[in-house]
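J.: Encoded as C-alpha cells, here's the structure I'll be asking about.
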Amino acid sequence: MIGYAICGSFCTHAKALGTMRRLASDGYDILPIVSETVFSTDTRFGKADDLLWEIKDICKKDIIHTVKDAEPLGPSIDLDALLIAPCTGNTLAKMARGITDGAVTMAAKAHLRCDRPMLIALASNDAMSANLASIAAMLQRKNVYFVPMKQDDPAKKPHSLIADFEKIPEAMEAMKMGKQMRPLFL
C-alpha cells in the first residue's frame, strides 16, 4: 500500500487526481492523506467536499487529514512508499526543517522514521528562490526522491517549479530501485 498525500497547490489538484486514478488502475492500493487546508478549503478550482468525495471514490478508503490520524504511518501502518503530490513549498520547507504541524508533515515524518521511501512532486511558486535551500536539504536525505520538475511559466512566475505529474509512475519505479529519476530539472 502507498500513501498519497495532497497539499494545497489547488491549481494542480486535477493533475493529482489524474495521477491517483492512474496509479489505482495500475493496481496500487492507495491510502489518501490530505492537508488540513485541502480538507476544508473551497477555492476557485473547486469545493473541498467535491475533491474529498472524488479521492474517496478512487481510493475506497477514509482520508487521513489530522496529525493524530497520520502519526501511526510508519510504526503501526506500514506503507511501501509515500507520495506527496502536489507538495507545496511550505510543506517542503517544514519537512526540510523537521517541523511536524499537519497531517502531511506528520505522515512524512512517521514514514521516513522507518526508513521507507518518499517521492515528492513539488509545485511551488518560490522553488528557485526561498525554497531552493529546502530542495537541496531534502535531496540530501535518505529515502527522499523527487519527481522531475520544470518551470511552468518562466515569464510570469520566474521562480516557480512544478513536477511533471506524467512522470510520477516512472519516478516511483526508479524510487523502488533506490534511484533518483534523472534529469531532475527538465
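Residues are referred to by chain and number: the chain letter is A, B, ... according to the order shown in the C-alpha cells, the number counts from 1 in that chain, and ligands are numbered separately from 1 in the order shown.
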Taking the DSSP assignment computed from this structure's backbone, write out as a CSV table (one decimal) with N, CA, C and O atoms, in the first residue's frame all residues of chain A that belong to alpha helix (DSSP H).

T.:
```csv
chain,number,residue,atom,x,y,z
A,13,HIS,N,-4.5,20.2,-8.5
A,13,HIS,CA,-5.3,19.1,-7.9
A,13,HIS,C,-5.9,18.2,-9.0
A,13,HIS,O,-6.0,17.0,-8.9
A,14,ALA,N,-6.3,18.8,-10.2
A,14,ALA,CA,-6.8,17.9,-11.3
A,14,ALA,C,-5.7,17.0,-11.7
A,14,ALA,O,-6.0,15.8,-12.0
A,15,LYS,N,-4.5,17.5,-11.8
A,15,LYS,CA,-3.4,16.6,-12.2
A,15,LYS,C,-3.2,15.5,-11.2
A,15,LYS,O,-2.9,14.3,-11.5
A,16,ALA,N,-3.2,15.9,-9.9
A,16,ALA,CA,-3.0,14.9,-8.8
A,16,ALA,C,-4.1,13.8,-8.8
A,16,ALA,O,-3.8,12.7,-8.7
A,17,LEU,N,-5.3,14.2,-9.1
A,17,LEU,CA,-6.4,13.2,-9.1
A,17,LEU,C,-6.2,12.3,-10.4
A,17,LEU,O,-6.5,11.1,-10.3
A,18,GLY,N,-5.8,12.9,-11.5
A,18,GLY,CA,-5.5,12.0,-12.6
A,18,GLY,C,-4.4,11.0,-12.3
A,18,GLY,O,-4.5,9.8,-12.7
A,19,THR,N,-3.4,11.4,-11.6
A,19,THR,CA,-2.3,10.5,-11.3
A,19,THR,C,-2.8,9.5,-10.3
A,19,THR,O,-2.5,8.3,-10.4
A,20,MET,N,-3.6,9.9,-9.3
A,20,MET,CA,-4.2,9.0,-8.4
A,20,MET,C,-5.0,7.9,-9.1
A,20,MET,O,-4.9,6.7,-8.8
A,21,ARG,N,-5.8,8.3,-10.0
A,21,ARG,CA,-6.6,7.4,-10.8
A,21,ARG,C,-5.8,6.4,-11.6
A,21,ARG,O,-6.0,5.2,-11.6
A,22,ARG,N,-4.7,6.9,-12.2
A,22,ARG,CA,-3.8,6.1,-13.0
A,22,ARG,C,-3.1,5.0,-12.1
A,22,ARG,O,-3.0,3.9,-12.4
A,23,LEU,N,-2.6,5.5,-10.9
A,23,LEU,CA,-2.0,4.5,-10.0
A,23,LEU,C,-3.0,3.5,-9.5
A,23,LEU,O,-2.6,2.3,-9.4
A,24,ALA,N,-4.2,3.9,-9.2
A,24,ALA,CA,-5.2,2.9,-8.8
A,24,ALA,C,-5.5,1.9,-9.9
A,24,ALA,O,-5.6,0.7,-9.6
A,25,SER,N,-5.6,2.4,-11.1
A,25,SER,CA,-5.9,1.5,-12.2
A,25,SER,C,-4.7,0.6,-12.5
A,25,SER,O,-4.9,-0.5,-13.0
A,36,GLU,N,-4.8,19.8,6.2
A,36,GLU,CA,-6.0,20.3,6.8
A,36,GLU,C,-6.6,21.4,5.9
A,36,GLU,O,-7.8,21.6,5.8
A,37,THR,N,-5.7,22.1,5.2
A,37,THR,CA,-6.2,23.2,4.2
A,37,THR,C,-6.9,22.6,3.1
A,37,THR,O,-8.0,23.0,2.7
A,38,VAL,N,-6.4,21.5,2.5
A,38,VAL,CA,-7.1,20.8,1.4
A,38,VAL,C,-8.5,20.3,1.9
A,38,VAL,O,-9.5,20.4,1.2
A,39,PHE,N,-8.5,19.7,3.1
A,39,PHE,CA,-9.7,19.1,3.7
A,39,PHE,C,-10.8,20.1,3.9
A,39,PHE,O,-12.0,19.7,3.8
A,40,SER,N,-10.5,21.4,4.1
A,40,SER,CA,-11.5,22.3,4.5
A,40,SER,C,-11.7,23.6,3.6
A,40,SER,O,-12.5,24.4,3.9
A,48,ALA,N,-14.0,21.8,-1.5
A,48,ALA,CA,-13.3,20.8,-0.8
A,48,ALA,C,-14.1,19.5,-0.7
A,48,ALA,O,-13.5,18.4,-0.9
A,49,ASP,N,-15.4,19.5,-0.5
A,49,ASP,CA,-16.2,18.3,-0.4
A,49,ASP,C,-16.2,17.5,-1.7
A,49,ASP,O,-16.2,16.3,-1.7
A,50,ASP,N,-16.2,18.2,-2.8
A,50,ASP,CA,-16.2,17.5,-4.1
A,50,ASP,C,-14.8,16.8,-4.3
A,50,ASP,O,-14.8,15.6,-4.8
A,51,LEU,N,-13.8,17.5,-3.9
A,51,LEU,CA,-12.4,16.9,-4.0
A,51,LEU,C,-12.3,15.6,-3.1
A,51,LEU,O,-11.9,14.6,-3.6
A,52,LEU,N,-12.8,15.8,-1.9
A,52,LEU,CA,-12.7,14.7,-1.0
A,52,LEU,C,-13.6,13.5,-1.4
A,52,LEU,O,-13.2,12.3,-1.3
A,53,TRP,N,-14.7,13.8,-2.0
A,53,TRP,CA,-15.6,12.7,-2.5
A,53,TRP,C,-14.9,11.9,-3.6
A,53,TRP,O,-14.9,10.7,-3.7
A,54,GLU,N,-14.2,12.7,-4.5
A,54,GLU,CA,-13.5,12.1,-5.6
A,54,GLU,C,-12.3,11.2,-5.1
A,54,GLU,O,-12.1,10.1,-5.6
A,55,ILE,N,-11.6,11.7,-4.1
A,55,ILE,CA,-10.5,10.9,-3.6
A,55,ILE,C,-11.0,9.6,-3.0
A,55,ILE,O,-10.4,8.6,-3.2
A,56,LYS,N,-12.1,9.7,-2.2
A,56,LYS,CA,-12.6,8.5,-1.6
A,56,LYS,C,-13.1,7.5,-2.6
A,56,LYS,O,-13.0,6.3,-2.5
A,57,ASP,N,-13.7,8.0,-3.7
A,57,ASP,CA,-14.2,7.2,-4.8
A,57,ASP,C,-13.0,6.4,-5.4
A,57,ASP,O,-13.2,5.3,-5.8
A,58,ILE,N,-11.9,7.1,-5.6
A,58,ILE,CA,-10.7,6.5,-6.2
A,58,ILE,C,-10.1,5.5,-5.3
A,58,ILE,O,-9.8,4.3,-5.7
A,59,CYS,N,-9.9,5.9,-4.1
A,59,CYS,CA,-9.1,5.0,-3.1
A,59,CYS,C,-9.9,4.0,-2.3
A,59,CYS,O,-9.3,3.1,-1.8
A,67,VAL,N,-3.2,15.3,12.3
A,67,VAL,CA,-1.9,14.8,12.8
A,67,VAL,C,-2.1,13.5,13.6
A,67,VAL,O,-1.3,12.5,13.4
A,68,LYS,N,-3.1,13.4,14.4
A,68,LYS,CA,-3.4,12.2,15.2
A,68,LYS,C,-3.6,11.0,14.3
A,68,LYS,O,-3.1,9.9,14.6
A,69,ASP,N,-4.3,11.1,13.2
A,69,ASP,CA,-4.5,10.0,12.3
A,69,ASP,C,-3.3,9.7,11.4
A,69,ASP,O,-3.2,8.5,11.0
A,70,ALA,N,-2.4,10.6,11.2
A,70,ALA,CA,-1.2,10.4,10.4
A,70,ALA,C,-0.1,9.8,11.2
A,70,ALA,O,0.8,9.1,10.7
A,89,GLY,N,5.6,24.4,-1.5
A,89,GLY,CA,6.9,24.9,-1.0
A,89,GLY,C,6.8,25.0,0.5
A,89,GLY,O,7.8,24.8,1.2
A,90,ASN,N,5.7,25.4,1.1
A,90,ASN,CA,5.5,25.5,2.5
A,90,ASN,C,5.7,24.1,3.2
A,90,ASN,O,6.4,24.0,4.2
A,91,THR,N,5.1,23.1,2.7
A,91,THR,CA,5.2,21.8,3.2
A,91,THR,C,6.7,21.3,3.1
A,91,THR,O,7.2,20.7,4.0
A,92,LEU,N,7.3,21.5,1.9
A,92,LEU,CA,8.7,21.1,1.7
A,92,LEU,C,9.6,21.8,2.7
A,92,LEU,O,10.5,21.1,3.3
A,93,ALA,N,9.4,23.1,3.0
A,93,ALA,CA,10.2,23.8,3.9
A,93,ALA,C,10.1,23.2,5.3
A,93,ALA,O,11.1,23.1,6.1
A,94,LYS,N,8.9,22.9,5.7
A,94,LYS,CA,8.6,22.3,7.0
A,94,LYS,C,9.3,21.0,7.1
A,94,LYS,O,10.0,20.7,8.1
A,95,MET,N,9.2,20.1,6.1
A,95,MET,CA,9.9,18.8,6.2
A,95,MET,C,11.4,19.0,6.2
A,95,MET,O,12.0,18.2,7.0
A,96,ALA,N,11.9,19.9,5.5
A,96,ALA,CA,13.4,20.1,5.5
A,96,ALA,C,13.9,20.6,6.8
A,96,ALA,O,15.0,20.3,7.2
A,103,ALA,N,-1.2,17.0,8.9
A,103,ALA,CA,-1.3,15.6,8.6
A,103,ALA,C,-0.2,15.2,7.6
A,103,ALA,O,0.4,14.1,7.7
A,104,VAL,N,0.1,16.0,6.6
A,104,VAL,CA,1.1,15.6,5.6
A,104,VAL,C,2.5,15.6,6.2
A,104,VAL,O,3.3,14.6,6.0
A,105,THR,N,2.9,16.6,7.0
A,105,THR,CA,4.2,16.6,7.5
A,105,THR,C,4.4,15.5,8.6
A,105,THR,O,5.4,14.9,8.7
A,106,MET,N,3.3,15.2,9.3
A,106,MET,CA,3.3,14.1,10.2
A,106,MET,C,3.4,12.7,9.5
A,106,MET,O,4.2,11.9,9.9
A,107,ALA,N,2.7,12.6,8.4
A,107,ALA,CA,2.8,11.4,7.6
A,107,ALA,C,4.2,11.2,7.1
A,107,ALA,O,4.8,10.1,7.2
A,108,ALA,N,4.8,12.3,6.6
A,108,ALA,CA,6.2,12.2,6.1
A,108,ALA,C,7.2,11.8,7.2
A,108,ALA,O,8.0,10.9,7.1
A,109,LYS,N,7.1,12.4,8.4
A,109,LYS,CA,8.0,12.1,9.5
A,109,LYS,C,7.8,10.7,9.9
A,109,LYS,O,8.8,10.0,10.1
A,110,ALA,N,6.5,10.3,10.1
A,110,ALA,CA,6.3,8.9,10.6
A,110,ALA,C,6.8,7.9,9.6
A,110,ALA,O,7.3,6.8,10.0
A,111,HIS,N,6.6,8.1,8.3
A,111,HIS,CA,7.0,7.2,7.3
A,111,HIS,C,8.5,7.1,7.2
A,111,HIS,O,9.1,6.0,7.1
A,112,LEU,N,9.2,8.3,7.2
A,112,LEU,CA,10.6,8.3,7.0
A,112,LEU,C,11.4,7.8,8.2
A,112,LEU,O,12.5,7.2,8.1
A,132,LEU,N,14.7,27.0,-2.5
A,132,LEU,CA,15.8,26.3,-3.1
A,132,LEU,C,16.6,25.6,-2.1
A,132,LEU,O,17.0,24.4,-2.3
A,133,ALA,N,16.8,26.2,-0.9
A,133,ALA,CA,17.5,25.5,0.2
A,133,ALA,C,16.8,24.3,0.7
A,133,ALA,O,17.4,23.3,1.0
A,134,SER,N,15.4,24.3,0.6
A,134,SER,CA,14.6,23.2,1.1
A,134,SER,C,14.8,22.0,0.1
A,134,SER,O,14.8,20.9,0.5
A,135,ILE,N,14.8,22.3,-1.2
A,135,ILE,CA,15.0,21.3,-2.2
A,135,ILE,C,16.4,20.6,-1.9
A,135,ILE,O,16.5,19.4,-1.9
A,136,ALA,N,17.4,21.4,-1.7
A,136,ALA,CA,18.7,20.9,-1.5
A,136,ALA,C,18.8,20.1,-0.2
A,136,ALA,O,19.4,19.0,-0.2
A,137,ALA,N,18.1,20.5,0.8
A,137,ALA,CA,18.1,19.8,2.1
A,137,ALA,C,17.4,18.4,1.9
A,137,ALA,O,17.9,17.4,2.4
A,138,MET,N,16.3,18.4,1.2
A,138,MET,CA,15.6,17.1,1.1
A,138,MET,C,16.3,16.2,0.1
A,138,MET,O,16.2,15.0,0.3
A,139,LEU,N,17.0,16.7,-0.9
A,139,LEU,CA,17.8,15.8,-1.8
A,139,LEU,C,18.9,15.1,-1.0
A,139,LEU,O,19.3,14.0,-1.5
A,168,ILE,N,5.2,10.7,-12.7
A,168,ILE,CA,5.2,10.1,-11.4
A,168,ILE,C,5.3,8.6,-11.4
A,168,ILE,O,6.1,8.0,-10.6
A,169,PRO,N,4.6,7.8,-12.2
A,169,PRO,CA,4.7,6.4,-12.2
A,169,PRO,C,6.2,5.9,-12.5
A,169,PRO,O,6.7,5.0,-11.9
A,170,GLU,N,6.8,6.6,-13.5
A,170,GLU,CA,8.2,6.3,-13.8
A,170,GLU,C,9.1,6.6,-12.6
A,170,GLU,O,10.1,5.9,-12.3
A,171,ALA,N,8.9,7.7,-12.0
A,171,ALA,CA,9.7,8.2,-10.8
A,171,ALA,C,9.5,7.2,-9.7
A,171,ALA,O,10.4,6.9,-8.9
A,172,MET,N,8.3,6.7,-9.5
A,172,MET,CA,8.0,5.7,-8.5
A,172,MET,C,8.8,4.4,-8.7
A,172,MET,O,9.4,3.8,-7.8
A,173,GLU,N,8.9,4.0,-10.0
A,173,GLU,CA,9.7,2.8,-10.3
A,173,GLU,C,11.2,3.0,-10.0
A,173,GLU,O,11.8,2.1,-9.5
A,174,ALA,N,11.7,4.2,-10.4
A,174,ALA,CA,13.1,4.5,-10.0
A,174,ALA,C,13.3,4.5,-8.5
A,174,ALA,O,14.3,3.9,-8.0
A,175,MET,N,12.4,5.1,-7.8
A,175,MET,CA,12.4,5.1,-6.3
A,175,MET,C,12.5,3.7,-5.7
A,175,MET,O,13.3,3.5,-4.8
A,176,LYS,N,11.7,2.8,-6.3
A,176,LYS,CA,11.7,1.4,-5.8
A,176,LYS,C,13.1,0.8,-5.9
A,176,LYS,O,13.4,-0.1,-5.2
```

J.: Could you find all residues in range 117-147 of chain A that DSSP calls strand (DSSP E) from the backbone, and write them as a list in words?

T.: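 Answer for range 117-147 of chain A restricted to strand (DSSP E) is Met118, Leu119, Ile120, Ala121, Leu122, Ala123, Ser124, Val144, Tyr145 and Phe146 of chain A.
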
J.: Write the residues of the selection above to a file with all heavy atoms, as a compact mmCIF listing (two decimals), in the first residue's frame.

T.:
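And here's part.txt as it stands now:
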```txt
# COMPACT_ATOMS: atom_id res chain seq x y z
N MET A 118 10.10 7.98 0.07
CA MET A 118 9.11 9.03 -0.12
C MET A 118 9.43 9.76 -1.42
O MET A 118 10.58 10.10 -1.69
CB MET A 118 9.14 10.01 1.05
CG MET A 118 8.13 11.14 0.93
SD MET A 118 8.04 12.14 2.43
CE MET A 118 9.52 13.13 2.26
N LEU A 119 8.39 9.99 -2.22
CA LEU A 119 8.52 10.68 -3.51
C LEU A 119 7.76 12.00 -3.44
O LEU A 119 6.59 12.02 -3.05
CB LEU A 119 7.95 9.79 -4.63
CG LEU A 119 8.02 10.33 -6.05
CD1 LEU A 119 9.47 10.53 -6.49
CD2 LEU A 119 7.31 9.36 -7.00
N ILE A 120 8.44 13.07 -3.82
CA ILE A 120 7.86 14.42 -3.74
C ILE A 120 7.64 14.96 -5.15
O ILE A 120 8.57 15.01 -5.96
CB ILE A 120 8.81 15.37 -2.97
CG1 ILE A 120 8.98 14.88 -1.52
CG2 ILE A 120 8.28 16.81 -3.01
CD1 ILE A 120 10.07 15.61 -0.76
N ALA A 121 6.41 15.38 -5.42
CA ALA A 121 6.06 16.07 -6.67
C ALA A 121 5.81 17.53 -6.30
O ALA A 121 4.71 17.91 -5.88
CB ALA A 121 4.84 15.44 -7.32
N LEU A 122 6.84 18.33 -6.42
CA LEU A 122 6.80 19.72 -5.98
C LEU A 122 5.95 20.60 -6.89
O LEU A 122 5.96 20.43 -8.11
CB LEU A 122 8.23 20.27 -5.92
CG LEU A 122 8.42 21.65 -5.33
CD1 LEU A 122 8.02 21.69 -3.87
CD2 LEU A 122 9.87 22.09 -5.50
N ALA A 123 5.25 21.53 -6.28
CA ALA A 123 4.53 22.58 -7.01
C ALA A 123 4.67 23.84 -6.16
O ALA A 123 3.96 24.01 -5.18
CB ALA A 123 3.07 22.22 -7.22
N SER A 124 5.62 24.70 -6.54
CA SER A 124 5.94 25.86 -5.70
C SER A 124 6.26 27.08 -6.55
O SER A 124 7.08 27.00 -7.47
CB SER A 124 7.13 25.52 -4.80
OG SER A 124 7.58 26.67 -4.11
N VAL A 144 14.52 9.93 0.23
CA VAL A 144 13.69 11.01 -0.32
C VAL A 144 14.05 11.19 -1.79
O VAL A 144 15.23 11.34 -2.13
CB VAL A 144 13.88 12.32 0.46
CG1 VAL A 144 13.09 13.45 -0.21
CG2 VAL A 144 13.45 12.16 1.91
N TYR A 145 13.02 11.20 -2.62
CA TYR A 145 13.20 11.32 -4.07
C TYR A 145 12.24 12.38 -4.59
O TYR A 145 11.20 12.65 -3.99
CB TYR A 145 12.91 9.98 -4.76
CG TYR A 145 13.76 8.86 -4.21
CD1 TYR A 145 13.35 8.12 -3.10
CD2 TYR A 145 14.99 8.56 -4.79
CE1 TYR A 145 14.14 7.12 -2.58
CE2 TYR A 145 15.79 7.55 -4.28
CZ TYR A 145 15.36 6.83 -3.17
OH TYR A 145 16.15 5.83 -2.64
N PHE A 146 12.58 12.97 -5.73
CA PHE A 146 11.74 13.98 -6.35
C PHE A 146 11.29 13.51 -7.73
O PHE A 146 12.05 12.86 -8.45
CB PHE A 146 12.50 15.30 -6.53
CG PHE A 146 12.60 16.14 -5.29
CD1 PHE A 146 13.59 15.89 -4.34
CD2 PHE A 146 11.70 17.17 -5.06
CE1 PHE A 146 13.69 16.65 -3.19
CE2 PHE A 146 11.80 17.95 -3.91
CZ PHE A 146 12.79 17.69 -2.98
```

J.: Of the residues A:Leu83, A:Ile162, A:Ala130, A:Ile99, which is the one nearest to Asn143 in chain A, using only C-alpha atoms?

T.: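 Looking at the shortest contact to Asn143 in chain A, the residue is A:Leu83.
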
J.: I'd like the neighbourhood of Pro32 in chain A as a count of residues only, where a residue qualifies if any of its atoms comes within 6 Å (using only C-alpha atoms), though same-chain residues fewer than 4 positions away should be ignored.

T.: 3
